[in-house]
Amino acid sequence: MTDGPNFISPSYNTLEKPMLGRVANGIFWMYRYLERAENTARLLAAGHRMTLTRGADEATQEWRSILVTLGLLQSYQAHHEGFVGAQVCEFVLRSRNNPESVLSMFERARISARACRSAITREVWEAINEGWMALRDMLARPVRETNLNQVLAAIRRESTIARGATHGSMLRNETYSFARAGTFLERADNTARILDVKYYLLLPSLAYVGTALDTGQWDNILRSCSAERAFSWLNAGRMDARSIAEFLILDERFPRSLMFCHAAMRENLNALGRFHRREGKAHEALAACDLMLSQRTVEDIFEQGLHQFLIEFIACNAAVGSAISEEYRFVS
Amino acid sequence: MSTAEPAKFDEMHAPDGSVRAAYRDYQRWLDQQDASLMRRKGMEAESFFRRTGITFNVYGETDAEERLIPFDMVPRIITGQEWRRLSRGIEQRVRALNAFIHDLYHRQEIIRSGILPERLFRDNPAWLSQMVGFTPPGGVYTHIVGIDLVRTGPDEFMVLEDNARTPSGVSYMLENRETMMAMFPELFSAVKVRSVSNYPRRLAASLAACAPDGAGPKPTIAVLTPGIYNSAYFEHAFIADQMGAELVEGSDLRVFDGQVQMRTTDGFRPIDVLYRRVDDDYLDPLTFNPNSVLGVPGIMDVYRAGRITIANAPGTGVADDKAIYSFMPEIVKFYTGENAYLPNVQTWRCADPDSLKYVLDRLDQLVVKEVHGSGGYGMLIGPTSSKKEIAAFRAKLVARPDNYIAQPTLALSTCPVFTRAGLAPRHLDLRPFVLCTPDGVEITPGGLTRVALKKGSLVVNSSQGGGTKDTWVLDD
């Protein structure tokens, strides 16, 4: 339904050649890093756009919230005071003080790709290697504001090319399933974090609903997930908190919604289950996560409390990652 | 001071400036190309290599950057006739090498018959007592061999070195050809060149043919690499990928149930054939270097029980020793009953007092090498060394003469390379790759041509700034 058929030939007996646990781990993380790098670029682009239309105080708040979303607030504050756009972008994109920078994520993706070279196709390897070379050159010096959008677009483009090469050239075997599971696990996490940092703007009860501030903030949330066009198209220009939350959490048509990501993960874990002729703790962990999404309306979620829901979801999603790692012997 | 005698032989041009037969078709094509196009192609080649990640890491460099081995676009061309003669000599030599190693670890006939002095292998760190009396599956020791050849004249090919341990560079043989075909497709319609692309399949088939009894019809083959920081990691990954084999690290492997097994997503699975790119010393911490984390504890027991094939066999490095090399003509004669088709380079064993005296008197003219050295390290090239360097080397040589051999500074053949100023001759060598199975010896037509990129230089090693060329054997 969501990620295309995993099987071309269902009778193909892959158990004959199960992949190395170390390589499965490398593949899983390679795609997580690529996905995170791309989502980080998206978040920065949306944030930067917003700061252009706001006063200094709001801009500061926005840059700060980006760091919170990325989980980088503490390490940023260990090196910097205040939240100036150029400094935040520098830190997030390329600072040596930040081991989670976009540059180092691409570096790690490439190291993984190299270590798993014989598990990926030449197309995928070249996409990642060239992507890394391009970004390394672009991020060799501090990024000026005039170039920021160009750099952010390049990050998304390189990640997109790698994903496209994966889709177009890789055998639909367990390697592919680990790649896709990593992609969607990371994407679900990122979407949930974006929502959680701004959850208070999506509460239906808030009094300032309908003011210019809200639509600007809402627009920013949608843009952070590249959802603004799809959302407008579906809603004919109307915008409200409930619909946005519903769209990003429960709409199974939108490829960055939590629902979509989990359907795709389920599909890939099911494929792994078929390959290995058994299901285990990874599948159990995913089922627990599914309970949070399936057969629920956005009203149910608001009733539980959006923030509470998101925190639980993020933890549940992370637990699926650990379970996959254990079940498929990533490290021991 | 000139760095070498003036080259006597250029692969492309005869002394009168005319183009040799091997290069006639190539020259015809080259005449139609304009210079700016060739310059642009040179840059294309570099970006091709960067993109595909054909890089190597240099030991001891602080920045640990991945580097490219420079690629030169003028192919090294060998005629079909030349190749047939070379192949005959290579095959003979490789058969002899295998028989020799087998003998060293069994009856040692060659020592009993007084041809080879016993101390040569007793003092050799590559000789492994653990291999005594053991015969590897299929009787093959050197599954993959690289024979380094140099040329000094139209009919003068000589063996400079045998690489029976773990010859590297085959990925460059394959990728250089891919690069040339991508850059100059029309050239390959104009000149008929024998293909090398079958090598990975042949390698997989050869390794499978040497699998232990009981491995089944489709043995599991794995390439053991020290990991991504090894200088030849690209090659390890490349070969595994091209063969469709697993690329494993020591941490993926464990011995149990009497087999070497790899940790997969579905539990542990046995390996039948391990093409290891890890030195003997690191292969098994229980048997060799106890600090090694690159190998597999207990693998030697599995090996000796006949339940895994290790390629190349442990202990084959004994044949790479340069003192043993100096006996190769006798070794070939002893095991094949024939005179060697391919001669050695003249070699003085410094362990022999008369030779030592000869060498010490001519250090400024000779090349002196460590018997266990490789990669162009630890050698003296007399003609290009300063008085101080020669004096320092002399002291080392006098202190341990049996650690060295000496050879004349050869007038290695040259072949043109592209430079900014146009074509210019540079010295080169050739490493053909040979596969051995219980059924015979197979040689890929061509090999790796290494070329010194500095004018006059005789050092072709990539670790010392050498480059490579595509190597063509004409289908004529």
# chains A, B, ... in the order shown; residues from 1 in each chain; ligands from 1
$ residues_around --residues "Tyr141 (chain B)" --least-positions-apart "6" --cutoff "7 Å" --atoms "only C-alpha atoms" --output "VMD selection string"
chain B and resid 98 312 to 313 316
$ write_last_selection --atoms "N, CA, C and O atoms" --output "PDB file, in the first residue's frame"
ATOM      1  N   ASN B  98      53.688 -23.415  -6.147  1.00  0.00           N
ATOM      2  CA  ASN B  98      52.798 -24.261  -5.358  1.00  0.00           C
ATOM      3  C   ASN B  98      53.480 -25.549  -4.913  1.00  0.00           C
ATOM      4  O   ASN B  98      53.374 -25.952  -3.760  1.00  0.00           O
ATOM      5  N   ASN B 312      44.964 -16.852   0.505  1.00  0.00           N
ATOM      6  CA  ASN B 312      45.880 -17.937   0.260  1.00  0.00           C
ATOM      7  C   ASN B 312      46.201 -18.655   1.564  1.00  0.00           C
ATOM      8  O   ASN B 312      45.985 -18.106   2.640  1.00  0.00           O
ATOM      9  N   ALA B 313      46.734 -19.863   1.434  1.00  0.00           N
ATOM     10  CA  ALA B 313      47.019 -20.654   2.622  1.00  0.00           C
ATOM     11  C   ALA B 313      47.994 -19.912   3.530  1.00  0.00           C
ATOM     12  O   ALA B 313      48.878 -19.211   3.046  1.00  0.00           O
ATOM     13  N   THR B 316      52.219 -19.198   3.024  1.00  0.00           N
ATOM     14  CA  THR B 316      52.701 -19.101   1.637  1.00  0.00           C
ATOM     15  C   THR B 316      53.673 -17.950   1.466  1.00  0.00           C
ATOM     16  O   THR B 316      54.447 -17.925   0.518  1.00  0.00           O
TER      17      THR B 316
END
$ closest_atom_pairs --of "chain A" --to "chain B" --cutoff "9 Å" --atoms "only C-alpha atoms" --output "CSV"
residue,atom,partner,partner_atom,distance
A:Leu15,CA,B:Asp266,CA,7.7
A:Lys17,CA,B:Thr264,CA,8.8
A:Pro18,CA,B:Thr264,CA,5.8
A:Met19,CA,B:Thr264,CA,5.2
A:Leu20,CA,B:Thr264,CA,3.9
A:Gly21,CA,B:Thr264,CA,4.7
A:Arg22,CA,B:Asp252,CA,7.1
A:Val23,CA,B:Thr264,CA,8.7
A:Ala24,CA,B:Thr265,CA,7.3
A:Ile111,CA,B:Ile228,CA,8.0
A:Arg114,CA,B:Ile228,CA,7.1
A:Ala115,CA,B:Ile228,CA,6.0
A:Cys116,CA,B:Leu247,CA,8.1
A:Arg117,CA,B:Ala237,CA,6.0
A:Ser118,CA,B:Asp241,CA,4.4
A:Ala119,CA,B:Asp241,CA,7.5
A:Ile120,CA,B:Asp241,CA,8.8
A:Thr121,CA,B:Asp241,CA,8.8
A:Arg122,CA,B:Thr52,CA,7.9
A:Trp125,CA,B:Thr52,CA,7.7
A:Glu126,CA,B:Thr52,CA,5.8
A:Ala127,CA,B:Arg51,CA,8.5
A:Asn129,CA,B:Arg51,CA,6.3
A:Glu130,CA,B:Arg51,CA,5.7
A:Met133,CA,B:Arg51,CA,8.4
A:His276,CA,B:Asp266,CA,6.8
A:Glu327,CA,B:Thr265,CA,7.8
A:Tyr328,CA,B:Thr265,CA,4.4
A:Arg329,CA,B:Thr265,CA,5.5
A:Phe330,CA,B:Thr265,CA,7.2
A:Ser332,CA,B:Arg263,CA,7.7
$ select_by_dssp --residues "region 103-308 of chain B" --states "alpha helix (DSSP H)" --output "number ranges by chain"
B: 103-104, 109-112, 119-122, 170-183, 185-190, 199-209, 233-243, 280-283, 299-304
$ residues_around --residues "Met379 (chain B)" --least-positions-apart "2" --cutoff "6 Å" --atoms "only C-alpha atoms" --output "list of chain:residue names"
B:Val368, B:Lys369, B:Tyr377
$ closest_residue --among "A:Ala181, A:Cys289, A:Glu299, A:Phe313" --to "Leu272 (chain A)" --atoms "only C-alpha atoms"
A:Ala181
$ decode --residues "region 314-406 of chain B" --atoms "C-alpha atoms" --output "CSV table (one decimal), in the first residue's frame"
chain,number,residue,atom,x,y,z
B,314,PRO,CA,48.8,-19.5,5.8
B,315,GLY,CA,52.6,-19.7,5.4
B,316,THR,CA,52.7,-19.1,1.6
B,317,GLY,CA,54.5,-15.8,2.3
B,318,VAL,CA,57.7,-17.8,2.6
B,319,ALA,CA,57.8,-17.8,-1.2
B,320,ASP,CA,57.7,-14.0,-1.3
B,321,ASP,CA,61.0,-13.8,0.5
B,322,LYS,CA,63.6,-12.1,-1.7
B,323,ALA,CA,66.4,-14.5,-0.8
B,324,ILE,CA,64.2,-17.4,-1.8
B,325,TYR,CA,63.3,-15.4,-5.0
B,326,SER,CA,67.0,-15.6,-5.9
B,327,PHE,CA,66.7,-19.4,-6.0
B,328,MET,CA,63.6,-19.4,-8.2
B,329,PRO,CA,65.4,-20.5,-11.4
B,330,GLU,CA,66.6,-23.6,-9.5
B,331,ILE,CA,63.2,-24.0,-7.8
B,332,VAL,CA,61.4,-24.0,-11.2
B,333,LYS,CA,63.9,-26.5,-12.6
B,334,PHE,CA,63.5,-28.7,-9.6
B,335,TYR,CA,59.8,-29.0,-9.6
B,336,THR,CA,59.0,-28.8,-13.3
B,337,GLY,CA,62.0,-30.4,-14.8
B,338,GLU,CA,62.3,-27.5,-17.2
B,339,ASN,CA,64.4,-24.4,-17.4
B,340,ALA,CA,62.5,-21.3,-16.3
B,341,TYR,CA,60.9,-19.6,-19.3
B,342,LEU,CA,60.9,-16.3,-17.4
B,343,PRO,CA,64.3,-15.3,-16.0
B,344,ASN,CA,64.9,-13.6,-12.7
B,345,VAL,CA,66.6,-10.3,-12.4
B,346,GLN,CA,70.2,-10.9,-11.5
B,347,THR,CA,70.4,-10.9,-7.7
B,348,TRP,CA,73.3,-10.9,-5.2
B,349,ARG,CA,72.6,-12.5,-1.8
B,350,CYS,CA,74.3,-10.4,0.7
B,351,ALA,CA,74.5,-13.3,3.1
B,352,ASP,CA,77.2,-14.7,0.8
B,353,PRO,CA,80.5,-12.9,1.7
B,354,ASP,CA,81.7,-12.5,-1.9
B,355,SER,CA,78.4,-11.1,-3.0
B,356,LEU,CA,78.4,-8.8,0.0
B,357,LYS,CA,81.8,-7.4,-0.9
B,358,TYR,CA,80.7,-6.9,-4.5
B,359,VAL,CA,77.6,-5.1,-3.3
B,360,LEU,CA,79.3,-2.9,-0.7
B,361,ASP,CA,81.8,-1.8,-3.5
B,362,ARG,CA,78.9,-0.7,-5.7
B,363,LEU,CA,76.2,0.7,-3.4
B,364,ASP,CA,75.9,3.8,-5.6
B,365,GLN,CA,74.9,1.7,-8.6
B,366,LEU,CA,72.7,-1.1,-7.2
B,367,VAL,CA,69.2,-1.5,-5.7
B,368,VAL,CA,69.4,-3.1,-2.3
B,369,LYS,CA,66.2,-4.6,-0.8
B,370,GLU,CA,65.2,-6.2,2.5
B,371,VAL,CA,64.5,-9.8,2.0
B,372,HIS,CA,61.1,-9.6,3.8
B,373,GLY,CA,60.3,-6.1,2.7
B,374,SER,CA,57.5,-5.0,0.3
B,375,GLY,CA,55.8,-2.0,-1.1
B,376,GLY,CA,59.0,-0.2,-1.9
B,377,TYR,CA,59.8,0.4,1.8
B,378,GLY,CA,63.2,-0.2,3.3
B,379,MET,CA,65.1,-0.3,0.1
B,380,LEU,CA,68.1,1.7,-1.3
B,381,ILE,CA,68.2,2.8,-4.9
B,382,GLY,CA,71.9,3.6,-5.1
B,383,PRO,CA,71.9,5.9,-8.2
B,384,THR,CA,69.3,8.3,-6.7
B,385,SER,CA,70.5,8.3,-3.1
B,386,SER,CA,72.7,10.8,-1.4
B,387,LYS,CA,76.1,9.9,0.0
B,388,LYS,CA,74.6,10.2,3.5
B,389,GLU,CA,71.8,7.9,2.7
B,390,ILE,CA,74.2,5.4,1.2
B,391,ALA,CA,76.4,5.6,4.3
B,392,ALA,CA,73.4,5.0,6.6
B,393,PHE,CA,72.3,2.1,4.5
B,394,ARG,CA,75.8,0.6,4.4
B,395,ALA,CA,75.8,0.4,8.2
B,396,LYS,CA,72.5,-1.5,8.2
B,397,LEU,CA,73.7,-3.8,5.5
B,398,VAL,CA,77.0,-4.6,7.3
B,399,ALA,CA,75.2,-5.2,10.5
B,400,ARG,CA,72.7,-7.8,9.0
B,401,PRO,CA,73.9,-8.8,5.5
B,402,ASP,CA,71.6,-11.8,5.4
B,403,ASN,CA,68.6,-9.4,5.6
B,404,TYR,CA,69.4,-8.0,2.2
B,405,ILE,CA,69.7,-8.8,-1.5
B,406,ALA,CA,71.0,-6.5,-4.2
